[in-house]
Amino acid sequence: MTQQKIGSVTFHSVAMLAPMAGVSDRAYRELCMRHGAAYCVSEMVSSKALSFQSKKSEELMVISALERPCGIQIFGDEPSCMADAARRALQNKPDIIDINMGCPAPKISGNGSGSALMRKPELVGDIVRAVTAVCDVPVTVKIRKGWDNSSVNAVEIAQICERAGASAVTVHGRTRMQFYKPPVDYEIIRRVRQSVQIPVIANGDIDSAPKALEVMERTGCGLVMVGRATLGNPWLFEQINALLAGEAPYTPSLSEKLDTMVEQVERMAVYKGEYIAMRQARKLVIGYFKGMKGAATLRKEAGKLSTLADLYALKKHILHT
């Protein structure tokens with residue numbers, strides 16, 4: 001397994017944790033890094049919110065020693081505001097600053113940010129130049145295939161990012177209009193990889209170790225980024241690493257799954273307080289139930305979680321059913 005680098009940052013494995021709003025918080029990033037992730041990225045942070053000194057946005061950028069290398073992802077559509085956001089982010093000493101140009105959510109793209117930027121190539125260059133000018137760490141950009149099937153421009157956007165100073169691009173092989181619906185176009189990722197000299201990270205529907213290897217082979221990318229498939233399954237990183245090393249993949253026991261579930265939520269409670277953590281946990285823990293007997297019922301029970309004591313009781317119920 002060849003060691004990969006982005007600028008001055010070296011990675012000791014190849015599978016990265018994708019930034020996911022409401023998911024990739026500090027507790028989850030620490031968990032995934034412990035299970036072999038190469039790198040992790042914060043939940044996306046609004047440049048405009050930072051300009052208004054949003055405490056919530058500031059908290060999203062806190063990085064611990066247990067999650068390095070770690071990047072902070074910022075989004076917005078004004079070059080000067082994005083540069084200011086990068087300066088604020090740098091106070092947390094991230095290893096990388098990542099620019100979101102791929103989010104398809106209407107509340108993001110509808111305001112001209114995220115994937116909407118792919119419709120404005122000139123603005124893309126202005127933003128990347130503004131951010132790289134104030135950063136002493138590598139700047140990366142996360143993009144999509146294009147806005148829709150009539151405007152597939154990932155190659156053009158990646159080349160603009162490279163010329164503007166980006167150290168790497170992550171390509172999600174879907175258009176904005178596809179959101180997360182299949183299929184994923186790995187050919188466009190391969191084309192981007194061939195069109196630039198900077199590293200390209202492949203992203204989209206990588207849900208197993210064999211799929212990660214297949215995507216790397218099909219795209220020529222030395223790095224992949226995984227997101228939703230890791231929910232309740234941080235062992236996916238270890239499994240990818242094992243396959244690339246020619247080793248047998250590790251499969252956790254039921255007890256280990258539940259212990260990890262509890263650990264994740266406990267850390268969330270430490271960082272956010274039990275009230276907020278438990279309400280967020282209702283959606284996060286259901287990934288651990290995949291493949292379990294009575295998973296539908298367990299998901300309903302998860303929706304009622306209000307305290308850590310409730311979580312402990314649910315774990316005990318599963319183990320004794």
# chains A, B, ... in the order shown; residues from 1 in each chain; ligands from 1
call {"tool": "residues_around", "arguments": {"residues": "Gln4 (chain A)", "least_positions_apart": "6", "cutoff": "7 Å", "atoms": "only C-alpha atoms", "output": "JSON, numbers by chain"}}
result
{"A": [10, 11, 222]}
call {"tool": "write_last_selection", "arguments": {"atoms": "C-alpha atoms", "output": "PDB file, in the first residue's frame"}}
result
ATOM      1  CA  THR A  10       1.034  12.169   4.910  1.00  0.00           C
ATOM      2  CA  PHE A  11      -1.638   9.481   5.271  1.00  0.00           C
ATOM      3  CA  GLY A 222      -4.855   6.379  -4.459  1.00  0.00           C
TER       4      GLY A 222
END
call {"tool": "select_by_dssp", "arguments": {"residues": "region 25-267 of chain A", "states": "strand (DSSP E)", "output": "PDB file with C-alpha atoms, in the first residue's frame"}}
result
ATOM      1  CA  CYS A  40     -11.284  12.986   8.742  1.00  0.00           C
ATOM      2  CA  VAL A  41     -13.049  16.269   8.052  1.00  0.00           C
ATOM      3  CA  VAL A  45     -18.968  25.297   8.641  1.00  0.00           C
ATOM      4  CA  SER A  46     -20.730  28.345   7.228  1.00  0.00           C
ATOM      5  CA  CYS A  70      -8.098  16.334  10.405  1.00  0.00           C
ATOM      6  CA  GLY A  71      -9.441  19.012   8.100  1.00  0.00           C
ATOM      7  CA  ILE A  72     -12.001  21.752   8.614  1.00  0.00           C
ATOM      8  CA  GLN A  73     -14.541  22.180   5.826  1.00  0.00           C
ATOM      9  CA  ILE A  74     -15.957  25.618   5.076  1.00  0.00           C
ATOM     10  CA  PHE A  75     -18.681  26.686   2.655  1.00  0.00           C
ATOM     11  CA  ILE A  96      -6.073  20.851   5.889  1.00  0.00           C
ATOM     12  CA  ILE A  97      -8.733  23.413   4.937  1.00  0.00           C
ATOM     13  CA  ASP A  98     -11.425  21.886   2.719  1.00  0.00           C
ATOM     14  CA  ILE A  99     -13.836  23.906   0.570  1.00  0.00           C
ATOM     15  CA  ASN A 100     -17.313  22.482   0.014  1.00  0.00           C
ATOM     16  CA  VAL A 139      -6.366  23.535   0.690  1.00  0.00           C
ATOM     17  CA  THR A 140      -8.604  20.888  -0.863  1.00  0.00           C
ATOM     18  CA  VAL A 141     -11.929  21.135  -2.682  1.00  0.00           C
ATOM     19  CA  LYS A 142     -14.855  18.707  -2.677  1.00  0.00           C
ATOM     20  CA  ILE A 143     -16.823  18.772  -5.936  1.00  0.00           C
ATOM     21  CA  ARG A 144     -19.407  16.754  -7.843  1.00  0.00           C
ATOM     22  CA  LYS A 145     -19.709  15.457 -11.391  1.00  0.00           C
ATOM     23  CA  GLY A 146     -21.557  18.640 -12.306  1.00  0.00           C
ATOM     24  CA  ALA A 168      -6.209  18.014  -3.981  1.00  0.00           C
ATOM     25  CA  VAL A 169      -9.812  17.541  -5.078  1.00  0.00           C
ATOM     26  CA  THR A 170     -12.421  15.052  -3.935  1.00  0.00           C
ATOM     27  CA  VAL A 171     -14.913  14.059  -6.632  1.00  0.00           C
ATOM     28  CA  HIS A 172     -18.348  12.663  -5.846  1.00  0.00           C
ATOM     29  CA  GLY A 173     -19.437  10.827  -8.974  1.00  0.00           C
ATOM     30  CA  ARG A 174     -22.970  12.226  -9.130  1.00  0.00           C
ATOM     31  CA  THR A 175     -24.475  15.489 -10.289  1.00  0.00           C
ATOM     32  CA  VAL A 200      -7.838  13.110  -6.601  1.00  0.00           C
ATOM     33  CA  ILE A 201      -9.969  11.397  -3.957  1.00  0.00           C
ATOM     34  CA  ALA A 202     -12.778   9.145  -5.189  1.00  0.00           C
ATOM     35  CA  ASN A 203     -16.154   9.417  -3.453  1.00  0.00           C
ATOM     36  CA  LEU A 223      -7.367   7.660  -1.914  1.00  0.00           C
ATOM     37  CA  VAL A 224     -11.080   7.098  -1.361  1.00  0.00           C
ATOM     38  CA  MET A 225     -13.596   8.879   0.841  1.00  0.00           C
ATOM     39  CA  VAL A 226     -16.400   6.986   2.553  1.00  0.00           C
TER      40      VAL A 226
END
call {"tool": "closest_residue", "arguments": {"among": "A:Gln197, A:Ile240, A:Arg176, A:Ala158", "to": "Ala212 (chain A)", "atoms": "only C-alpha atoms"}}
result
A:Ile240
call {"tool": "closest_residue", "arguments": {"among": "A:Arg193, A:Lys211, A:Lys120, A:Lys257", "to": "Asn233 (chain A)", "atoms": "only C-alpha atoms"}}
result
A:Lys257
call {"tool": "atom_distance", "arguments": {"atom1": "CA of Asp205 (chain A)", "atom2": "CA of Ile189 (chain A)"}}
result
13.0 Å
call {"tool": "closest_residue", "arguments": {"among": "A:Glu156, A:Asp77, A:Glu263, A:Glu301", "to": "Asp126 (chain A)", "atoms": "only C-alpha atoms"}}
result
A:Asp77
call {"tool": "select_by_dssp", "arguments": {"residues": "region 197-275 of chain A", "states": "helix (DSSP H, G or I)", "output": "ChimeraX atom specification"}}
result
/A:209-219,228-230,235-244,254-272,274-275
call {"tool": "write_last_selection", "arguments": {"atoms": "C-alpha atoms", "output": "PDB file, in the first residue's frame"}}
result
ATOM      1  CA  ALA A 209     -13.659  -3.137   1.291  1.00  0.00           C
ATOM      2  CA  PRO A 210     -13.984  -4.845  -2.123  1.00  0.00           C
ATOM      3  CA  LYS A 211     -15.875  -1.806  -3.458  1.00  0.00           C
ATOM      4  CA  ALA A 212     -13.133   0.512  -2.225  1.00  0.00           C
ATOM      5  CA  LEU A 213     -10.503  -1.545  -4.051  1.00  0.00           C
ATOM      6  CA  GLU A 214     -12.663  -1.669  -7.191  1.00  0.00           C
ATOM      7  CA  VAL A 215     -13.134   2.104  -7.187  1.00  0.00           C
ATOM      8  CA  MET A 216      -9.408   2.706  -6.726  1.00  0.00           C
ATOM      9  CA  GLU A 217      -8.652   0.409  -9.654  1.00  0.00           C
ATOM     10  CA  ARG A 218     -11.354   1.918 -11.900  1.00  0.00           C
ATOM     11  CA  THR A 219     -10.466   5.546 -11.181  1.00  0.00           C
ATOM     12  CA  ARG A 228     -22.821   6.956   4.940  1.00  0.00           C
ATOM     13  CA  ALA A 229     -21.578   3.359   4.805  1.00  0.00           C
ATOM     14  CA  THR A 230     -19.566   3.959   7.977  1.00  0.00           C
ATOM     15  CA  TRP A 235     -14.775  -1.117  11.190  1.00  0.00           C
ATOM     16  CA  LEU A 236     -15.121  -0.474   7.448  1.00  0.00           C
ATOM     17  CA  PHE A 237     -11.817   1.422   7.572  1.00  0.00           C
ATOM     18  CA  GLU A 238     -10.034  -1.552   9.159  1.00  0.00           C
ATOM     19  CA  GLN A 239     -11.592  -3.863   6.582  1.00  0.00           C
ATOM     20  CA  ILE A 240     -10.382  -1.720   3.686  1.00  0.00           C
ATOM     21  CA  ASN A 241      -6.898  -1.563   5.181  1.00  0.00           C
ATOM     22  CA  ALA A 242      -6.858  -5.328   5.715  1.00  0.00           C
ATOM     23  CA  LEU A 243      -7.912  -6.098   2.138  1.00  0.00           C
ATOM     24  CA  LEU A 244      -5.217  -3.840   0.703  1.00  0.00           C
ATOM     25  CA  LEU A 254     -22.500  -8.146  18.658  1.00  0.00           C
ATOM     26  CA  SER A 255     -21.074  -7.196  22.030  1.00  0.00           C
ATOM     27  CA  GLU A 256     -18.312  -5.109  20.434  1.00  0.00           C
ATOM     28  CA  LYS A 257     -20.804  -3.366  18.172  1.00  0.00           C
ATOM     29  CA  LEU A 258     -22.937  -2.353  21.119  1.00  0.00           C
ATOM     30  CA  ASP A 259     -19.955  -1.311  23.232  1.00  0.00           C
ATOM     31  CA  THR A 260     -18.794   0.935  20.395  1.00  0.00           C
ATOM     32  CA  MET A 261     -22.289   2.368  19.975  1.00  0.00           C
ATOM     33  CA  VAL A 262     -22.384   3.301  23.659  1.00  0.00           C
ATOM     34  CA  GLU A 263     -18.860   4.706  23.562  1.00  0.00           C
ATOM     35  CA  GLN A 264     -19.718   6.972  20.630  1.00  0.00           C
ATOM     36  CA  VAL A 265     -22.774   8.411  22.360  1.00  0.00           C
ATOM     37  CA  GLU A 266     -20.980   8.781  25.687  1.00  0.00           C
ATOM     38  CA  ARG A 267     -18.277  10.865  23.985  1.00  0.00           C
ATOM     39  CA  MET A 268     -20.964  12.944  22.290  1.00  0.00           C
ATOM     40  CA  ALA A 269     -22.464  13.613  25.714  1.00  0.00           C
ATOM     41  CA  VAL A 270     -19.087  14.731  27.054  1.00  0.00           C
ATOM     42  CA  TYR A 271     -18.596  17.168  24.186  1.00  0.00           C
ATOM     43  CA  LYS A 272     -22.170  18.445  23.742  1.00  0.00           C
ATOM     44  CA  GLU A 274     -26.396  14.696  27.369  1.00  0.00           C
ATOM     45  CA  TYR A 275     -29.551  16.483  26.207  1.00  0.00           C
TER      46      TYR A 275
END
call {"tool": "closest_residue", "arguments": {"among": "A:Ser80, A:Thr321, A:Ser115, A:Ser167", "to": "Ile6 (chain A)", "atoms": "only C-alpha atoms"}}
result
A:Ser167
call {"tool": "closest_residue", "arguments": {"among": "A:Gly76, A:Gly7, A:Gly165, A:Gly232", "to": "Lys107 (chain A)", "atoms": "only C-alpha atoms"}}
result
A:Gly76
call {"tool": "decode", "arguments": {"residues": "region 133-219 of chain A", "atoms": "C-alpha atoms", "output": "mmCIF file, in the first residue's frame"}}
result
data_model
loop_
_atom_site.group_PDB
_atom_site.id
_atom_site.type_symbol
_atom_site.label_atom_id
_atom_site.label_comp_id
_atom_site.auth_asym_id
_atom_site.auth_seq_id
_atom_site.Cartn_x
_atom_site.Cartn_y
_atom_site.Cartn_z
ATOM 1 C CA ALA A 133 -3.688 32.960 -0.171
ATOM 2 C CA VAL A 134 -4.338 33.010 3.584
ATOM 3 C CA CYS A 135 -3.540 29.374 4.380
ATOM 4 C CA ASP A 136 -0.260 27.826 5.480
ATOM 5 C CA VAL A 137 -1.781 24.330 5.219
ATOM 6 C CA PRO A 138 -2.996 22.473 2.110
ATOM 7 C CA VAL A 139 -6.366 23.535 0.690
ATOM 8 C CA THR A 140 -8.604 20.888 -0.863
ATOM 9 C CA VAL A 141 -11.929 21.135 -2.682
ATOM 10 C CA LYS A 142 -14.855 18.707 -2.677
ATOM 11 C CA ILE A 143 -16.823 18.772 -5.936
ATOM 12 C CA ARG A 144 -19.407 16.754 -7.843
ATOM 13 C CA LYS A 145 -19.709 15.457 -11.391
ATOM 14 C CA GLY A 146 -21.557 18.640 -12.306
ATOM 15 C CA TRP A 147 -24.872 20.384 -11.687
ATOM 16 C CA ASP A 148 -26.904 18.107 -13.961
ATOM 17 C CA ASN A 149 -26.337 15.743 -16.863
ATOM 18 C CA SER A 150 -26.301 18.620 -19.351
ATOM 19 C CA SER A 151 -23.529 20.422 -17.465
ATOM 20 C CA VAL A 152 -20.960 17.780 -16.504
ATOM 21 C CA ASN A 153 -17.887 19.899 -15.795
ATOM 22 C CA ALA A 154 -15.923 18.148 -13.041
ATOM 23 C CA VAL A 155 -12.779 18.080 -15.203
ATOM 24 C CA GLU A 156 -12.952 21.828 -15.886
ATOM 25 C CA ILE A 157 -13.656 22.664 -12.228
ATOM 26 C CA ALA A 158 -10.829 20.418 -10.985
ATOM 27 C CA GLN A 159 -8.368 22.068 -13.366
ATOM 28 C CA ILE A 160 -9.482 25.518 -12.190
ATOM 29 C CA CYS A 161 -9.001 24.439 -8.572
ATOM 30 C CA GLU A 162 -5.512 23.146 -9.353
ATOM 31 C CA ARG A 163 -4.483 26.363 -11.116
ATOM 32 C CA ALA A 164 -5.866 28.407 -8.215
ATOM 33 C CA GLY A 165 -3.657 26.578 -5.723
ATOM 34 C CA ALA A 166 -5.679 23.617 -4.449
ATOM 35 C CA SER A 167 -3.573 20.688 -3.238
ATOM 36 C CA ALA A 168 -6.209 18.014 -3.981
ATOM 37 C CA VAL A 169 -9.812 17.541 -5.078
ATOM 38 C CA THR A 170 -12.421 15.052 -3.935
ATOM 39 C CA VAL A 171 -14.913 14.059 -6.632
ATOM 40 C CA HIS A 172 -18.348 12.663 -5.846
ATOM 41 C CA GLY A 173 -19.437 10.827 -8.974
ATOM 42 C CA ARG A 174 -22.970 12.226 -9.130
ATOM 43 C CA THR A 175 -24.475 15.489 -10.289
ATOM 44 C CA ARG A 176 -26.220 17.805 -7.877
ATOM 45 C CA MET A 177 -29.589 16.870 -9.376
ATOM 46 C CA GLN A 178 -28.931 13.197 -8.576
ATOM 47 C CA PHE A 179 -28.384 13.986 -4.904
ATOM 48 C CA TYR A 180 -27.479 10.488 -3.622
ATOM 49 C CA LYS A 181 -29.453 8.388 -6.094
ATOM 50 C CA PRO A 182 -27.629 5.782 -8.199
ATOM 51 C CA PRO A 183 -25.748 5.335 -10.338
ATOM 52 C CA VAL A 184 -22.319 6.727 -9.443
ATOM 53 C CA ASP A 185 -20.167 7.670 -12.423
ATOM 54 C CA TYR A 186 -16.654 6.445 -11.617
ATOM 55 C CA GLU A 187 -15.555 7.207 -15.170
ATOM 56 C CA ILE A 188 -15.795 10.949 -14.537
ATOM 57 C CA ILE A 189 -13.573 10.509 -11.480
ATOM 58 C CA ARG A 190 -11.048 8.668 -13.651
ATOM 59 C CA ARG A 191 -11.159 11.502 -16.183
ATOM 60 C CA VAL A 192 -10.544 14.071 -13.463
ATOM 61 C CA ARG A 193 -7.654 11.987 -12.146
ATOM 62 C CA GLN A 194 -6.070 11.976 -15.597
ATOM 63 C CA SER A 195 -6.583 15.710 -16.125
ATOM 64 C CA VAL A 196 -4.761 17.116 -13.070
ATOM 65 C CA GLN A 197 -1.430 16.599 -11.338
ATOM 66 C CA ILE A 198 -2.740 16.982 -7.785
ATOM 67 C CA PRO A 199 -4.211 14.007 -5.878
ATOM 68 C CA VAL A 200 -7.838 13.110 -6.601
ATOM 69 C CA ILE A 201 -9.969 11.397 -3.957
ATOM 70 C CA ALA A 202 -12.778 9.145 -5.189
ATOM 71 C CA ASN A 203 -16.154 9.417 -3.453
ATOM 72 C CA GLY A 204 -19.595 7.880 -3.873
ATOM 73 C CA ASP A 205 -21.239 4.614 -2.752
ATOM 74 C CA ILE A 206 -18.090 3.020 -1.362
ATOM 75 C CA ASP A 207 -19.753 0.645 1.072
ATOM 76 C CA SER A 208 -17.333 -2.271 1.469
ATOM 77 C CA ALA A 209 -13.659 -3.137 1.291
ATOM 78 C CA PRO A 210 -13.984 -4.845 -2.123
ATOM 79 C CA LYS A 211 -15.875 -1.806 -3.458
ATOM 80 C CA ALA A 212 -13.133 0.512 -2.225
ATOM 81 C CA LEU A 213 -10.503 -1.545 -4.051
ATOM 82 C CA GLU A 214 -12.663 -1.669 -7.191
ATOM 83 C CA VAL A 215 -13.134 2.104 -7.187
ATOM 84 C CA MET A 216 -9.408 2.706 -6.726
ATOM 85 C CA GLU A 217 -8.652 0.409 -9.654
ATOM 86 C CA ARG A 218 -11.354 1.918 -11.900
ATOM 87 C CA THR A 219 -10.466 5.546 -11.181
#
